[in-house]
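Enquirer: Sending over a structure as structure tokens; questions will come in a sec.
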Amino acid sequence: MELLQRPRRLRQNESVRRLTRETRLSPDSLIYPIFIDETVSGTYPIESLPGQLCYGLDSLDQAVEDCLAHGIGRCLLFGRPREKDPFGSSAWAEDGVIQRAVRAIKARYPDFYVITDVCLCEYTSHGHCGLLQGQEVDNDQTLPVLARAARSHAAAGADMVAPSDMMDGRVGAIRAALDERGYQNVPIMAYSAKYASSFYGPFRAAAGCAPSFGDRRGYQMDPHNCREALRECALDIAEGADILMVKPALSYLDVIRACRDAFDLPLCAYSVSGEYAMIRAAGAAGAVDEHRIMCETALSIFRAGADMLITYFAKELAEAIRQGEIG
Ligand code: PBG
């Protein structure tokens, strides 16, 4: 009886509750995705992601200042190029949208940490994440192209590259290409356990990268599987990954926990576009308290074992941490 009473005392007041929290959040563990459109000046609202903006190359200062004002010092860049072709050439062009954006940001804000998404789907006319051989993605032909894209990001000044294509062997190919040119210090955050998920819908509308035929199940993971995620992580580690990632986050908390327990590398979770859009929509409909749901959701991802979180709510979460609502 006595023992049963004890834990209750630790819930008595705010001070002791804060003292005994098992999960700690900090703006330092949040990464904010930024969309950049080469064809526009200024900004425009992203319809599929209410509250999110797409930035022209002339508006990057605004994007960064807004992050800094909220205490967010790290971003993940996605590009909307002017030109697409079957080979995704603008993914590695020296004057491609991401390469130009990175140069511009790093020139003005050298301490703002810039991670670049490395993939072809935003740059290919067919919208697949790799080169095609007929109707199939050709894994091995794609590797040198991804490596070239990653190297061009590093050359532009990217602090870290994050391959999201899910081709087999890409981490090794990118690591070799970076090292060869002297970018040994540019880490790789591998989208290791990236599932073939319907939660990416709003992102594909925002980035204009939905596949024009078929789907991505040939290279992204089957949502039925968790052990497979461990195999994917182990391969990425062997190939030289510095940070592992599980994506999406909310429906894959078990995978986050399994990866946390199995590996000692830093672990990132990506709370993807559909997760954000659902919370926004439910909030707008008056179904839930959006702010609290946002906080609770982020907490659950860290509690599951993530060390860091990519989220469209990064600024709002940083504010909630500052206010002491979570953290
Ligand atoms: C590119 C990529 C996608 C996302 C991140 N990088 C889309 C996809 O794989 O179809 C999704 C991110 C999100 O939904 O927020 N391959």
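Each chain in the structure tokens gets a letter, A, B, ..., in the order shown, and its residues are numbered from 1; ligands are numbered from 1 in order too.
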Would you kindly return, as a PyMOL selection string, each protein, DNA or RNA residue with an atom no farther than 9 Å from any atom of Gly214 in chain A, considering only C-alpha atoms and excluding same-chain residues fewer than 3 positions away?
Expert: chain A and resi 135+211+217
Enquirer: Mind dumping the selected residues with all heavy atoms as a CSV table (one decimal), in the first residue's frame?
Expert:
chain,number,residue,atom,x,y,z
A,135,GLN,N,10.3,0.5,-67.5
A,135,GLN,CA,9.4,1.0,-66.4
A,135,GLN,C,10.0,0.8,-65.0
A,135,GLN,O,9.3,1.1,-64.0
A,135,GLN,CB,8.0,0.3,-66.5
A,135,GLN,CG,7.3,0.4,-67.8
A,135,GLN,CD,6.6,1.8,-68.0
A,135,GLN,OE1,7.2,2.7,-68.5
A,135,GLN,NE2,5.4,1.9,-67.5
A,211,PRO,N,5.2,10.2,-58.5
A,211,PRO,CA,5.6,9.4,-59.7
A,211,PRO,C,4.5,9.5,-60.7
A,211,PRO,O,3.3,9.4,-60.4
A,211,PRO,CB,5.8,8.0,-59.1
A,211,PRO,CG,5.2,8.0,-57.8
A,211,PRO,CD,5.1,9.4,-57.3
A,217,ARG,N,7.0,1.4,-54.2
A,217,ARG,CA,7.1,0.2,-53.4
A,217,ARG,C,8.3,-0.7,-53.8
A,217,ARG,O,8.7,-1.5,-53.0
A,217,ARG,CB,5.8,-0.6,-53.4
A,217,ARG,CG,4.8,0.1,-52.5
A,217,ARG,CD,3.5,-0.8,-52.4
A,217,ARG,NE,2.9,-0.9,-53.7
A,217,ARG,CZ,1.8,-1.6,-54.0
A,217,ARG,NH1,1.2,-2.2,-53.0
A,217,ARG,NH2,1.3,-1.7,-55.2
Enquirer: Counting only C-alpha atoms, give me one row per residue of range 250-320 of chain A with an atom at most 12 Å from an atom of range 182-190 of chain A, showing the shortest contact pair and its distance in Å to one decimal, sorted by chain then residue number, as JSON lines.
Expert:
{"residue": "A:Leu265", "atom": "CA", "partner": "A:Met189", "partner_atom": "CA", "distance": 10.5}
{"residue": "A:Pro266", "atom": "CA", "partner": "A:Met189", "partner_atom": "CA", "distance": 9.3}
{"residue": "A:Leu267", "atom": "CA", "partner": "A:Met189", "partner_atom": "CA", "distance": 9.1}
{"residue": "A:Cys268", "atom": "CA", "partner": "A:Met189", "partner_atom": "CA", "distance": 8.3}
{"residue": "A:Ala269", "atom": "CA", "partner": "A:Met189", "partner_atom": "CA", "distance": 10.9}
{"residue": "A:Tyr270", "atom": "CA", "partner": "A:Ala190", "partner_atom": "CA", "distance": 11.5}
{"residue": "A:Met308", "atom": "CA", "partner": "A:Met189", "partner_atom": "CA", "distance": 11.4}
{"residue": "A:Ile310", "atom": "CA", "partner": "A:Met189", "partner_atom": "CA", "distance": 11.7}
Enquirer: Within 7 Å of ligand 1, which residues show up when you count only C-alpha atoms and all ligand atoms? List them as a list in words, please.
Expert: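 So, counting only C-alpha atoms and all ligand atoms, the residues near ligand 1 are Asp117, Cys119, Cys121, Cys129, Ser164, Asp165, Phe199, Tyr200, Gly201, Pro202, Phe203, Arg204, Ala210, Ser271, Val272, Ser273 and Gly274 of chain A.
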Enquirer: Residues of the last selection are to be written out with C-alpha atoms, as a tab-separated table (two decimals), in the first residue's frame.
Expert:
chain	number	residue	atom	x	y	z
A	117	ASP	CA	17.83	16.14	-49.25
A	119	CYS	CA	17.09	12.34	-54.25
A	121	CYS	CA	12.33	12.47	-57.71
A	129	CYS	CA	13.72	8.54	-57.22
A	164	SER	CA	16.13	9.86	-49.28
A	165	ASP	CA	16.06	7.83	-52.50
A	199	PHE	CA	1.76	9.98	-45.41
A	200	TYR	CA	3.97	11.60	-48.08
A	201	GLY	CA	0.98	12.80	-50.13
A	202	PRO	CA	1.06	16.51	-49.15
A	203	PHE	CA	4.85	16.61	-49.66
A	204	ARG	CA	4.57	15.23	-53.18
A	210	ALA	CA	4.60	12.33	-57.39
A	271	SER	CA	7.41	13.52	-38.89
A	272	VAL	CA	6.25	13.78	-42.47
A	273	SER	CA	3.86	15.97	-44.39
A	274	GLY	CA	0.77	13.80	-43.85
Enquirer: I need the residue nearest Val64 in chain A from this list: A:Glu122, A:Asp111, A:Glu319, A:Asp28. Use only C-alpha atoms for the distance.
Expert: A:Asp111
Enquirer: Choose the residue, out of A:Leu57, A:Val171, A:Ala206, A:Ile293, that has the smallest atom-to-atom separation from Ala234 in chain A; count only C-alpha atoms.
Expert: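 Checking each candidate against Ala234 in chain A, we get A:Val171 as the closest.
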Enquirer: So that I can check the surroundings of Asp254 in chain A, please list as a list of chain:residue names every protein, DNA and RNA residue that reaches within 12 Å of it, counting only C-alpha atoms and ignoring chain neighbours fewer than 4 positions away.
Expert: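 Returned residues: A:Ala193, A:Pro223, A:His224, A:Asn225, A:Cys226, A:Arg227, A:Ala229, A:Leu230, A:Val246, A:Lys247, A:Pro248, A:Ala249, A:Leu250, A:Ala258, A:Cys259, A:Arg260, A:Asp261, A:Ala269, A:Ser300, A:Ile301, A:Phe302, A:Arg303, A:Ala304, A:Gly305, A:Ala306.
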Enquirer: Find the residue from A:Glu94, A:Glu65, A:Glu38, A:Glu47 that sits nearest to Arg82 in chain A; use only C-alpha atoms when measuring.
Expert: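 Closest to Arg82 in chain A of all the choices is A:Glu38.
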Enquirer: Which one is closest to Met245 in chain A: A:Arg257, A:Arg181, A:Arg100, A:Arg24? Count only C-alpha atoms.
Expert: A:Arg257
Enquirer: Compile the contact shell of Phe87 in chain A as a VMD selection string: residues with an atom at most 12 Å away, counting only C-alpha atoms, same-chain residues fewer than 5 positions apart removed.
Expert: chain A and resid 92 to 93 119 to 133 137 to 138 141 to 142 144 to 146 149
Enquirer: Restricting the calculation to only C-alpha atoms: of A:Arg151, A:Arg322, A:Lys194, A:Arg108, which residue gets closest to Ala173 in chain A?
Expert: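 Among A:Arg151, A:Arg322, A:Lys194, A:Arg108, it is A:Arg151 that comes nearest to Ala173 in chain A.
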Enquirer: Contacts of Gly73 in chain A at 12 Å or less, counting only C-alpha atoms, minus same-chain residues fewer than 2 places along, as a CSV table (one decimal) with N, CA and C atoms, in the first residue's frame?
Expert:
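Result saved to selection_35.csv:
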chain,number,residue,atom,x,y,z
A,26,SER,N,14.6,19.8,-26.9
A,26,SER,CA,15.3,21.1,-27.0
A,26,SER,C,15.2,21.6,-28.5
A,27,PRO,N,15.2,22.9,-28.7
A,27,PRO,CA,15.2,23.3,-30.1
A,27,PRO,C,16.4,22.8,-30.9
A,28,ASP,N,17.4,22.5,-30.1
A,28,ASP,CA,18.6,21.9,-30.8
A,28,ASP,C,18.4,20.6,-31.4
A,29,SER,N,17.3,19.9,-31.0
A,29,SER,CA,17.1,18.6,-31.7
A,29,SER,C,16.0,18.7,-32.7
A,30,LEU,N,15.7,19.9,-33.2
A,30,LEU,CA,14.6,20.0,-34.2
A,30,LEU,C,15.2,20.5,-35.5
A,31,ILE,N,14.7,20.0,-36.6
A,31,ILE,CA,15.2,20.4,-38.0
A,31,ILE,C,13.9,20.8,-38.8
A,32,TYR,N,14.0,21.9,-39.4
A,32,TYR,CA,12.9,22.4,-40.2
A,32,TYR,C,13.1,22.3,-41.7
A,33,PRO,N,12.1,21.7,-42.3
A,33,PRO,CA,12.2,21.5,-43.8
A,33,PRO,C,11.8,22.8,-44.5
A,63,ALA,N,13.4,33.1,-44.9
A,63,ALA,CA,13.2,31.7,-44.4
A,63,ALA,C,14.1,31.5,-43.2
A,64,VAL,N,15.4,31.9,-43.3
A,64,VAL,CA,16.4,31.7,-42.3
A,64,VAL,C,16.1,32.6,-41.1
A,65,GLU,N,15.8,33.8,-41.3
A,65,GLU,CA,15.5,34.8,-40.2
A,65,GLU,C,14.3,34.2,-39.4
A,66,ASP,N,13.3,33.7,-40.1
A,66,ASP,CA,12.1,33.2,-39.4
A,66,ASP,C,12.5,32.0,-38.5
A,67,CYS,N,13.4,31.2,-39.0
A,67,CYS,CA,13.9,30.0,-38.2
A,67,CYS,C,14.6,30.6,-36.9
A,68,LEU,N,15.6,31.4,-37.2
A,68,LEU,CA,16.4,32.0,-36.1
A,68,LEU,C,15.6,32.7,-35.1
A,69,ALA,N,14.5,33.4,-35.5
A,69,ALA,CA,13.7,34.1,-34.6
A,69,ALA,C,13.0,33.1,-33.6
A,70,HIS,N,12.8,31.9,-34.1
A,70,HIS,CA,12.2,30.9,-33.2
A,70,HIS,C,13.2,30.0,-32.5
A,71,GLY,N,14.5,30.3,-32.7
A,71,GLY,CA,15.5,29.4,-32.0
A,71,GLY,C,15.8,28.2,-32.8
A,75,CYS,N,18.2,23.3,-40.8
A,75,CYS,CA,17.1,23.1,-41.8
A,75,CYS,C,17.5,21.9,-42.7
A,76,LEU,N,16.4,21.5,-43.4
A,76,LEU,CA,16.6,20.5,-44.5
A,76,LEU,C,16.0,21.0,-45.7
A,109,TYR,N,24.6,33.3,-43.7
A,109,TYR,CA,24.4,32.8,-42.4
A,109,TYR,C,25.3,31.5,-42.2
A,110,PRO,N,26.6,31.7,-42.1
A,110,PRO,CA,27.6,30.6,-42.0
A,110,PRO,C,27.3,29.6,-40.9
A,111,ASP,N,26.6,30.1,-39.8
A,111,ASP,CA,26.4,29.2,-38.7
A,111,ASP,C,25.0,28.5,-38.8
A,112,PHE,N,24.2,28.8,-39.7
A,112,PHE,CA,22.9,28.2,-39.9
A,112,PHE,C,23.2,26.8,-40.5
A,113,TYR,N,22.8,25.7,-39.9
A,113,TYR,CA,23.2,24.4,-40.3
A,113,TYR,C,22.3,23.9,-41.4
A,114,VAL,N,22.9,23.6,-42.6
A,114,VAL,CA,22.1,23.3,-43.8
A,114,VAL,C,22.3,21.8,-44.2
A,115,ILE,N,21.2,21.1,-44.1
A,115,ILE,CA,21.2,19.7,-44.5
A,115,ILE,C,20.4,19.7,-45.9
A,314,ALA,N,8.5,22.6,-36.4
A,314,ALA,CA,9.7,22.9,-35.6
A,314,ALA,C,9.6,24.3,-34.9
A,315,LYS,N,9.1,25.3,-35.6
A,315,LYS,CA,9.1,26.6,-34.9
A,315,LYS,C,8.1,26.7,-33.8
A,318,ALA,N,9.5,24.7,-30.9
A,318,ALA,CA,10.5,25.5,-30.2
A,318,ALA,C,9.9,26.5,-29.2
Enquirer: Using the chain letters and numbers from this document, which residues of range 49-289 of chain A does DSSP assign to alpha helix (DSSP H), as number ranges by chain?
Expert: A: 60-69, 97-108, 139-156, 170-180, 201-207, 227-239, 253-262, 273-284
Enquirer: Considering only C-alpha atoms, return as a VMD selection string whatever protein or nucleic-acid residues lie within 12 Å of Met294 in chain A, sequence-local ones (same chain, fewer than 6 positions apart) excluded.
Expert: chain A and resid 250 271 275 to 283 288 300 to 301 311 to 321 325 to 326
